[in-house]
Amino acid sequence: MLIKIENALFSAEIDTKGAELQNFIRKSDKKDIIWHGDKSVWGNHAPILFPFVARCLGGYFMIDGKKCEYSRNHGFARDLEHKLISNTEDSAIFELSESKDTDYRFPYAFCLRTEYKLTEKGLEWKITVKNTDQKDFYFGVGTHAAFDLNGGAAEDFLVEFEKHEGLCAVECNPDGYLAAGADAKSLITKEYGEKEKGFIPVTDAGFGNGHLFTNFTSSWVGLRNKKDGSIVKISTEGFPYCMIWQNTSGKPQFVCIEPWHGLPDSEKTDHIWENKIGMNLLKAGQSFVSRQDITVE
């Protein structure tokens, strides 16, 4: 079910399936900031990633000695119905909690709350993970917003980090899994080597299975249109990782800027959930909040 919110400047629709943003439209020019989800290219818009992000090697984890199987990357939150718990003209709040659809893959009690609110600057987007279980658990969470090029040429755009800082890349293998260090647990990082610090050109060559960054201090990462100077920013404050990705076949049509609290599996994973690199420990009864607000300038 689609839920619409709007104010004087923007409108947006969110699907209760996945609590996923479907569109985010600037009313002044009717421009949709978010990719429209052509299934022949990539059928998503801005999925929520939980209880892990990115690639799961072999399609399973071992949690408390039990084999928990996953048929897709990025967890299950994007595939399930979320309950609409609040809806005003300019805001909507959704919740996902444990059920028979989650227990066999993530055997914990939890509440995943997603809040959207339109403002004069764009879209406030807040995700809260609450551990409602009696025991602690590890998790990952992130987002996967695709920003539409709206028919523009790839070379007209670049990805910009707020601080214009030299970028540190996490090394992944060609299949998108973490390149393993000698102990199979340490990240391998390197200077990204961009020509101009903090700027990544968008090109027809794309980013393969993604370019993954860490150790940045920028509070936002944006997609800038070089022709008119406009920029769409997503908040990255507090996030340890950010993935940049675009469609991998045909003409580039969008760029995903993905703040993550988590990482892909290592190419040498032992599949044990708590050993997965980049996971976050959440104590029983406690909550974890991330904000990936979108600003349009």
# chains A, B, ... in the order shown; residues from 1 in each chain; ligands from 1
$ residues_around --residues "Ser86 (chain A)" --least-positions-apart "2" --cutoff "12 Å" --atoms "only C-alpha atoms" --output "mmCIF file with N, CA, C and O atoms, in the first residue's frame"
data_model
loop_
_atom_site.group_PDB
_atom_site.id
_atom_site.type_symbol
_atom_site.label_atom_id
_atom_site.label_comp_id
_atom_site.auth_asym_id
_atom_site.auth_seq_id
_atom_site.Cartn_x
_atom_site.Cartn_y
_atom_site.Cartn_z
ATOM 1 N N ILE A 3 1.647 5.127 0.715
ATOM 2 C CA ILE A 3 1.274 6.198 1.627
ATOM 3 C C ILE A 3 1.887 7.493 1.098
ATOM 4 O O ILE A 3 3.112 7.580 0.925
ATOM 5 N N ILE A 5 2.747 11.568 1.347
ATOM 6 C CA ILE A 5 2.923 12.721 2.216
ATOM 7 C C ILE A 5 3.330 13.905 1.349
ATOM 8 O O ILE A 5 3.910 13.731 0.267
ATOM 9 N N HIS A 82 5.563 -3.539 6.400
ATOM 10 C CA HIS A 82 5.763 -2.782 7.627
ATOM 11 C C HIS A 82 4.428 -2.155 8.029
ATOM 12 O O HIS A 82 3.662 -1.710 7.168
ATOM 13 N N LYS A 83 4.174 -2.108 9.301
ATOM 14 C CA LYS A 83 2.913 -1.566 9.805
ATOM 15 C C LYS A 83 2.967 -0.043 9.839
ATOM 16 O O LYS A 83 3.915 0.544 10.359
ATOM 17 N N LEU A 84 1.957 0.604 9.262
ATOM 18 C CA LEU A 84 1.842 2.057 9.336
ATOM 19 C C LEU A 84 1.272 2.402 10.703
ATOM 20 O O LEU A 84 0.150 2.012 11.034
ATOM 21 N N THR A 88 0.512 11.732 9.002
ATOM 22 C CA THR A 88 -0.032 13.078 8.916
ATOM 23 C C THR A 88 0.154 13.559 7.493
ATOM 24 O O THR A 88 0.666 12.830 6.638
ATOM 25 N N GLU A 89 -0.234 14.779 7.216
ATOM 26 C CA GLU A 89 -0.119 15.293 5.854
ATOM 27 C C GLU A 89 1.310 15.244 5.348
ATOM 28 O O GLU A 89 1.557 14.917 4.183
ATOM 29 N N ASP A 90 2.291 15.529 6.223
ATOM 30 C CA ASP A 90 3.679 15.617 5.775
ATOM 31 C C ASP A 90 4.598 14.581 6.407
ATOM 32 O O ASP A 90 5.823 14.686 6.299
ATOM 33 N N SER A 91 4.050 13.544 7.061
ATOM 34 C CA SER A 91 4.909 12.566 7.723
ATOM 35 C C SER A 91 4.258 11.195 7.772
ATOM 36 O O SER A 91 3.030 11.059 7.660
ATOM 37 N N ALA A 92 5.089 10.179 7.949
ATOM 38 C CA ALA A 92 4.604 8.809 8.105
ATOM 39 C C ALA A 92 5.638 8.015 8.891
ATOM 40 O O ALA A 92 6.851 8.221 8.746
ATOM 41 N N ILE A 93 5.138 7.107 9.740
ATOM 42 C CA ILE A 93 5.996 6.263 10.559
ATOM 43 C C ILE A 93 5.569 4.809 10.366
ATOM 44 O O ILE A 93 4.380 4.485 10.399
ATOM 45 N N PHE A 94 6.561 3.936 10.197
ATOM 46 C CA PHE A 94 6.328 2.521 9.946
ATOM 47 C C PHE A 94 7.115 1.684 10.947
ATOM 48 O O PHE A 94 8.178 2.099 11.416
ATOM 49 N N GLU A 95 6.601 0.479 11.225
ATOM 50 C CA GLU A 95 7.311 -0.427 12.117
ATOM 51 C C GLU A 95 7.288 -1.852 11.566
ATOM 52 O O GLU A 95 6.301 -2.294 10.986
ATOM 53 N N ARG A 113 11.855 0.791 13.358
ATOM 54 C CA ARG A 113 10.945 1.917 13.110
ATOM 55 C C ARG A 113 11.569 2.844 12.077
ATOM 56 O O ARG A 113 12.741 3.225 12.192
ATOM 57 N N THR A 114 10.799 3.205 11.059
ATOM 58 C CA THR A 114 11.253 4.116 10.009
ATOM 59 C C THR A 114 10.332 5.327 9.976
ATOM 60 O O THR A 114 9.116 5.185 9.865
ATOM 61 N N GLU A 115 10.928 6.513 10.067
ATOM 62 C CA GLU A 115 10.157 7.754 10.120
ATOM 63 C C GLU A 115 10.557 8.668 8.960
ATOM 64 O O GLU A 115 11.749 8.912 8.728
ATOM 65 N N TYR A 116 9.547 9.163 8.257
ATOM 66 C CA TYR A 116 9.749 10.112 7.162
ATOM 67 C C TYR A 116 8.980 11.397 7.477
ATOM 68 O O TYR A 116 7.817 11.340 7.883
ATOM 69 N N LYS A 117 9.620 12.534 7.231
ATOM 70 C CA LYS A 117 8.934 13.817 7.402
ATOM 71 C C LYS A 117 9.486 14.816 6.391
ATOM 72 O O LYS A 117 10.705 15.031 6.316
#
$ closest_atom_pairs --of "region 171-231 of chain A" --to "region 128-147 of chain A" --cutoff "12 Å" --atoms "only C-alpha atoms" --output "CSV"
residue,atom,partner,partner_atom,distance
A:Gly210,CA,A:His144,CA,11.7
A:Val221,CA,A:Ala145,CA,11.9
A:Gly222,CA,A:Phe147,CA,9.5
A:Leu223,CA,A:Phe147,CA,7.6
A:Arg224,CA,A:Phe147,CA,10.5
A:Asn225,CA,A:Phe147,CA,11.5
A:Ile231,CA,A:Phe147,CA,10.5
$ select_by_dssp --residues "region 58-286 of chain A" --states "strand (DSSP E or B)" --output "number ranges by chain"
A: 60-63, 66-69, 75, 81, 83-88, 91-97, 110-118, 122-131, 137-139, 141-143, 145-148, 157-161, 168-170, 172, 178, 189-191, 199-201, 211-214, 220-225, 231-235, 241-246, 254-261, 266, 272, 280-282
$ write_last_selection --atoms "C-alpha atoms" --output "short mmCIF file (atom, residue, chain, number, x, y, z; two decimals), in the first residue's frame"
data_model
loop_
_atom_site.label_atom_id
_atom_site.label_comp_id
_atom_site.auth_asym_id
_atom_site.auth_seq_id
_atom_site.Cartn_x
_atom_site.Cartn_y
_atom_site.Cartn_z
CA TYR A 60 23.54 -18.20 5.21
CA PHE A 61 24.78 -17.24 8.66
CA MET A 62 25.21 -19.34 11.81
CA ILE A 63 23.35 -17.74 14.73
CA LYS A 66 21.52 -22.55 13.94
CA LYS A 67 21.85 -22.19 10.17
CA CYS A 68 19.87 -19.10 9.11
CA GLU A 69 19.42 -18.95 5.35
CA GLY A 75 18.55 -8.73 4.79
CA GLU A 81 5.20 -5.50 5.03
CA LYS A 83 2.91 -1.57 9.81
CA LEU A 84 1.84 2.06 9.34
CA ILE A 85 1.56 3.44 12.86
CA SER A 86 1.28 7.19 12.17
CA ASN A 87 0.40 9.31 9.15
CA THR A 88 -0.03 13.08 8.92
CA SER A 91 4.91 12.57 7.72
CA ALA A 92 4.60 8.81 8.10
CA ILE A 93 6.00 6.26 10.56
CA PHE A 94 6.33 2.52 9.95
CA GLU A 95 7.31 -0.43 12.12
CA LEU A 96 8.53 -3.97 11.51
CA SER A 97 8.86 -6.45 14.36
CA PHE A 110 13.17 -6.41 17.70
CA CYS A 111 11.39 -3.30 16.47
CA LEU A 112 12.56 -1.53 13.32
CA ARG A 113 10.94 1.92 13.11
CA THR A 114 11.25 4.12 10.01
CA GLU A 115 10.16 7.75 10.12
CA TYR A 116 9.75 10.11 7.16
CA LYS A 117 8.93 13.82 7.40
CA LEU A 118 9.01 16.45 4.65
CA GLY A 122 13.89 17.99 1.80
CA LEU A 123 13.15 14.79 3.65
CA GLU A 124 13.96 13.83 7.23
CA TRP A 125 14.59 10.07 7.30
CA LYS A 126 15.17 8.36 10.62
CA ILE A 127 15.58 4.64 11.34
CA THR A 128 15.55 3.23 14.86
CA VAL A 129 16.46 -0.34 15.77
CA LYS A 130 15.23 -1.38 19.22
CA ASN A 131 16.22 -4.62 20.91
CA PHE A 137 22.11 -9.15 19.55
CA TYR A 138 24.34 -8.07 16.71
CA PHE A 139 22.94 -6.38 13.63
CA VAL A 141 21.50 -1.46 9.16
CA GLY A 142 21.73 0.92 6.24
CA THR A 143 19.95 2.46 3.28
CA ALA A 145 18.81 5.41 -1.98
CA ALA A 146 19.11 5.69 -5.76
CA PHE A 147 19.25 9.27 -7.03
CA ASP A 148 17.89 9.66 -10.54
CA PHE A 157 27.45 14.51 -12.44
CA LEU A 158 29.88 13.83 -9.64
CA VAL A 159 29.71 12.45 -6.12
CA GLU A 160 30.87 15.00 -3.58
CA PHE A 161 31.95 14.50 0.05
CA CYS A 168 39.83 5.92 2.02
CA ALA A 169 38.45 2.90 0.16
CA VAL A 170 37.65 -0.51 1.59
CA CYS A 172 36.56 -5.67 -2.06
CA LEU A 178 35.51 -7.89 1.49
CA THR A 189 41.93 -0.15 3.10
CA LYS A 190 43.78 2.08 0.70
CA GLU A 191 43.81 5.63 -0.59
CA PHE A 199 35.09 14.27 -5.59
CA ILE A 200 34.25 11.15 -7.59
CA PRO A 201 33.29 11.62 -11.25
CA HIS A 211 33.05 1.54 -4.32
CA LEU A 212 33.04 1.39 -0.52
CA PHE A 213 34.46 4.13 1.70
CA THR A 214 35.40 4.48 5.36
CA TRP A 220 26.92 14.41 4.02
CA VAL A 221 27.66 12.90 0.62
CA GLY A 222 25.88 14.32 -2.42
CA LEU A 223 25.23 13.92 -6.12
CA ARG A 224 26.06 17.20 -7.81
CA ASN A 225 24.92 18.28 -11.26
CA ILE A 231 23.02 18.95 -5.46
CA VAL A 232 21.10 16.26 -3.62
CA LYS A 233 22.71 15.35 -0.29
CA ILE A 234 22.22 12.42 2.05
CA SER A 235 23.36 12.61 5.66
CA TYR A 241 30.82 3.34 5.82
CA CYS A 242 29.32 4.64 2.59
CA MET A 243 28.84 2.68 -0.62
CA ILE A 244 28.60 4.29 -4.07
CA TRP A 245 26.93 2.24 -6.81
CA GLN A 246 25.03 2.69 -10.07
CA PHE A 254 21.01 6.69 -11.29
CA VAL A 255 23.66 6.78 -8.58
CA CYS A 256 23.13 5.13 -5.21
CA ILE A 257 24.68 6.77 -2.16
CA GLU A 258 24.36 4.27 0.67
CA PRO A 259 25.27 5.11 4.29
CA TRP A 260 25.91 1.86 6.16
CA HIS A 261 26.35 0.60 9.69
CA SER A 266 34.49 -11.33 3.96
CA ILE A 272 29.27 -17.00 12.29
CA ASN A 280 26.87 -3.59 15.88
CA LEU A 281 26.08 -4.93 19.36
CA LEU A 282 22.73 -3.80 20.75
#
$ closest_residue --among "A:Leu49, A:Gly208, A:Leu149, A:Glu120" --to "Glu6 (chain A)" --atoms "only C-alpha atoms"
A:Glu120
$ atom_distance --atom1 "CA of Lys39 (chain A)" --atom2 "CA of Gly18 (chain A)"
16.5 Å
$ closest_residue --among "A:Gly152, A:Gly176, A:Gly206, A:Gly181" --to "Ala54 (chain A)" --atoms "only C-alpha atoms"
A:Gly176
$ select_by_dssp --residues "region 37-122 of chain A" --states "alpha helix (DSSP H)" --output "list in words"
Lys100, Asp101, Thr102 and Asp103 of chain A
$ write_last_selection --atoms "N, CA and C atoms" --output "mmCIF file, in the first residue's frame"
data_model
loop_
_atom_site.group_PDB
_atom_site.id
_atom_site.type_symbol
_atom_site.label_atom_id
_atom_site.label_comp_id
_atom_site.auth_asym_id
_atom_site.auth_seq_id
_atom_site.Cartn_x
_atom_site.Cartn_y
_atom_site.Cartn_z
ATOM 1 N N LYS A 100 6.915 -14.852 12.187
ATOM 2 C CA LYS A 100 7.350 -16.125 11.605
ATOM 3 C C LYS A 100 8.206 -15.894 10.358
ATOM 4 N N ASP A 101 8.067 -14.720 9.736
ATOM 5 C CA ASP A 101 8.859 -14.405 8.549
ATOM 6 C C ASP A 101 10.275 -13.956 8.885
ATOM 7 N N THR A 102 10.529 -13.653 10.156
ATOM 8 C CA THR A 102 11.864 -13.202 10.557
ATOM 9 C C THR A 102 12.554 -14.172 11.501
ATOM 10 N N ASP A 103 11.777 -14.911 12.307
ATOM 11 C CA ASP A 103 12.368 -15.728 13.373
ATOM 12 C C ASP A 103 13.360 -16.758 12.867
#
$ closest_residue --among "A:Lys226, A:Arg78, A:Lys276, A:Lys30" --to "Phe50 (chain A)" --atoms "only C-alpha atoms"
A:Arg78
$ closest_residue --among "A:Leu80, A:Gln22, A:Met1, A:Asp64" --to "His271 (chain A)" --atoms "only C-alpha atoms"
A:Asp64
$ residues_around --residues "region 165-167 of chain A" --least-positions-apart "6" --cutoff "6 Å" --atoms "only C-alpha atoms" --output "PyMOL selection string"
chain A and resi 192+197-198
$ residues_around --residues "Thr203 (chain A)" --least-positions-apart "3" --cutoff "8 Å" --atoms "only C-alpha atoms" --output "PyMOL selection string"
chain A and resi 154-155+206+252
$ decode --residues "region 70-198 of chain A" --atoms "C-alpha atoms" --output "short mmCIF file (atom, residue, chain, number, x, y, z; two decimals), in the first residue's frame"
data_model
loop_
_atom_site.label_atom_id
_atom_site.label_comp_id
_atom_site.auth_asym_id
_atom_site.auth_seq_id
_atom_site.Cartn_x
_atom_site.Cartn_y
_atom_site.Cartn_z
CA TYR A 70 18.97 -15.88 3.16
CA SER A 71 18.03 -15.96 -0.49
CA ARG A 72 18.96 -12.29 -1.05
CA ASN A 73 21.55 -9.78 0.04
CA HIS A 74 20.78 -6.83 2.35
CA GLY A 75 18.55 -8.73 4.79
CA PHE A 76 14.77 -9.12 4.91
CA ALA A 77 13.35 -5.72 5.91
CA ARG A 78 13.00 -4.60 2.29
CA ASP A 79 10.84 -7.61 1.41
CA LEU A 80 8.28 -7.55 4.24
CA GLU A 81 5.20 -5.50 5.03
CA HIS A 82 5.76 -2.78 7.63
CA LYS A 83 2.91 -1.57 9.81
CA LEU A 84 1.84 2.06 9.34
CA ILE A 85 1.56 3.44 12.86
CA SER A 86 1.28 7.19 12.17
CA ASN A 87 0.40 9.31 9.15
CA THR A 88 -0.03 13.08 8.92
CA GLU A 89 -0.12 15.29 5.85
CA ASP A 90 3.68 15.62 5.77
CA SER A 91 4.91 12.57 7.72
CA ALA A 92 4.60 8.81 8.10
CA ILE A 93 6.00 6.26 10.56
CA PHE A 94 6.33 2.52 9.95
CA GLU A 95 7.31 -0.43 12.12
CA LEU A 96 8.53 -3.97 11.51
CA SER A 97 8.86 -6.45 14.36
CA GLU A 98 9.64 -10.13 14.76
CA SER A 99 7.31 -12.67 13.19
CA LYS A 100 7.35 -16.12 11.60
CA ASP A 101 8.86 -14.41 8.55
CA THR A 102 11.86 -13.20 10.56
CA ASP A 103 12.37 -15.73 13.37
CA TYR A 104 13.96 -18.43 11.23
CA ARG A 105 16.50 -15.96 9.88
CA PHE A 106 17.01 -13.60 12.83
CA PRO A 107 15.93 -15.32 16.07
CA TYR A 108 15.49 -12.19 18.17
CA ALA A 109 12.69 -9.86 19.21
CA PHE A 110 13.17 -6.41 17.70
CA CYS A 111 11.39 -3.30 16.47
CA LEU A 112 12.56 -1.53 13.32
CA ARG A 113 10.94 1.92 13.11
CA THR A 114 11.25 4.12 10.01
CA GLU A 115 10.16 7.75 10.12
CA TYR A 116 9.75 10.11 7.16
CA LYS A 117 8.93 13.82 7.40
CA LEU A 118 9.01 16.45 4.65
CA THR A 119 10.57 19.83 5.43
CA GLU A 120 11.44 22.99 3.51
CA LYS A 121 14.89 21.51 2.77
CA GLY A 122 13.89 17.99 1.80
CA LEU A 123 13.15 14.79 3.65
CA GLU A 124 13.96 13.83 7.23
CA TRP A 125 14.59 10.07 7.30
CA LYS A 126 15.17 8.36 10.62
CA ILE A 127 15.58 4.64 11.34
CA THR A 128 15.55 3.23 14.86
CA VAL A 129 16.46 -0.34 15.77
CA LYS A 130 15.23 -1.38 19.22
CA ASN A 131 16.22 -4.62 20.91
CA THR A 132 13.00 -5.83 22.53
CA ASP A 133 14.51 -9.21 23.37
CA GLN A 134 15.82 -10.47 26.71
CA LYS A 135 19.28 -10.98 25.22
CA ASP A 136 21.77 -8.84 23.32
CA PHE A 137 22.11 -9.15 19.55
CA TYR A 138 24.34 -8.07 16.71
CA PHE A 139 22.94 -6.38 13.63
CA GLY A 140 23.68 -4.20 10.62
CA VAL A 141 21.50 -1.46 9.16
CA GLY A 142 21.73 0.92 6.24
CA THR A 143 19.95 2.46 3.28
CA HIS A 144 20.28 2.22 -0.49
CA ALA A 145 18.81 5.41 -1.98
CA ALA A 146 19.11 5.69 -5.76
CA PHE A 147 19.25 9.27 -7.03
CA ASP A 148 17.89 9.66 -10.54
CA LEU A 149 20.02 11.28 -13.25
CA ASN A 150 16.70 12.22 -14.94
CA GLY A 151 18.07 11.58 -18.41
CA GLY A 152 21.28 13.53 -17.91
CA ALA A 153 24.64 12.31 -19.16
CA ALA A 154 26.84 10.55 -16.60
CA GLU A 155 29.68 13.02 -17.14
CA ASP A 156 27.41 15.86 -16.02
CA PHE A 157 27.45 14.51 -12.44
CA LEU A 158 29.88 13.83 -9.64
CA VAL A 159 29.71 12.45 -6.12
CA GLU A 160 30.87 15.00 -3.58
CA PHE A 161 31.95 14.50 0.05
CA GLU A 162 31.22 17.52 2.24
CA LYS A 163 34.75 17.99 3.63
CA HIS A 164 36.48 17.54 0.26
CA GLU A 165 38.77 15.12 2.06
CA GLY A 166 41.06 12.49 0.61
CA LEU A 167 39.04 9.29 0.50
CA CYS A 168 39.83 5.92 2.02
CA ALA A 169 38.45 2.90 0.16
CA VAL A 170 37.65 -0.51 1.59
CA GLU A 171 39.09 -3.17 -0.69
CA CYS A 172 36.56 -5.67 -2.06
CA ASN A 173 36.98 -8.49 -4.52
CA PRO A 174 35.28 -8.36 -7.95
CA ASP A 175 32.20 -10.13 -6.55
CA GLY A 176 31.65 -7.44 -3.93
CA TYR A 177 32.90 -9.32 -0.84
CA LEU A 178 35.51 -7.89 1.49
CA ALA A 179 39.04 -8.76 0.50
CA ALA A 180 40.33 -10.75 3.45
CA GLY A 181 43.41 -9.87 5.45
CA ALA A 182 45.76 -12.48 6.84
CA ASP A 183 43.45 -13.10 9.82
CA ALA A 184 40.28 -12.98 7.65
CA LYS A 185 38.87 -10.37 10.05
CA SER A 186 40.72 -7.13 9.32
CA LEU A 187 39.66 -4.60 6.70
CA ILE A 188 42.07 -3.85 3.92
CA THR A 189 41.93 -0.15 3.10
CA LYS A 190 43.78 2.08 0.70
CA GLU A 191 43.81 5.63 -0.59
CA TYR A 192 41.10 5.91 -3.22
CA GLY A 193 43.32 8.14 -5.36
CA GLU A 194 40.70 10.52 -6.68
CA LYS A 195 42.08 13.35 -8.84
CA GLU A 196 40.41 16.03 -6.73
CA LYS A 197 39.99 15.26 -3.04
CA GLY A 198 36.48 14.32 -2.04
#
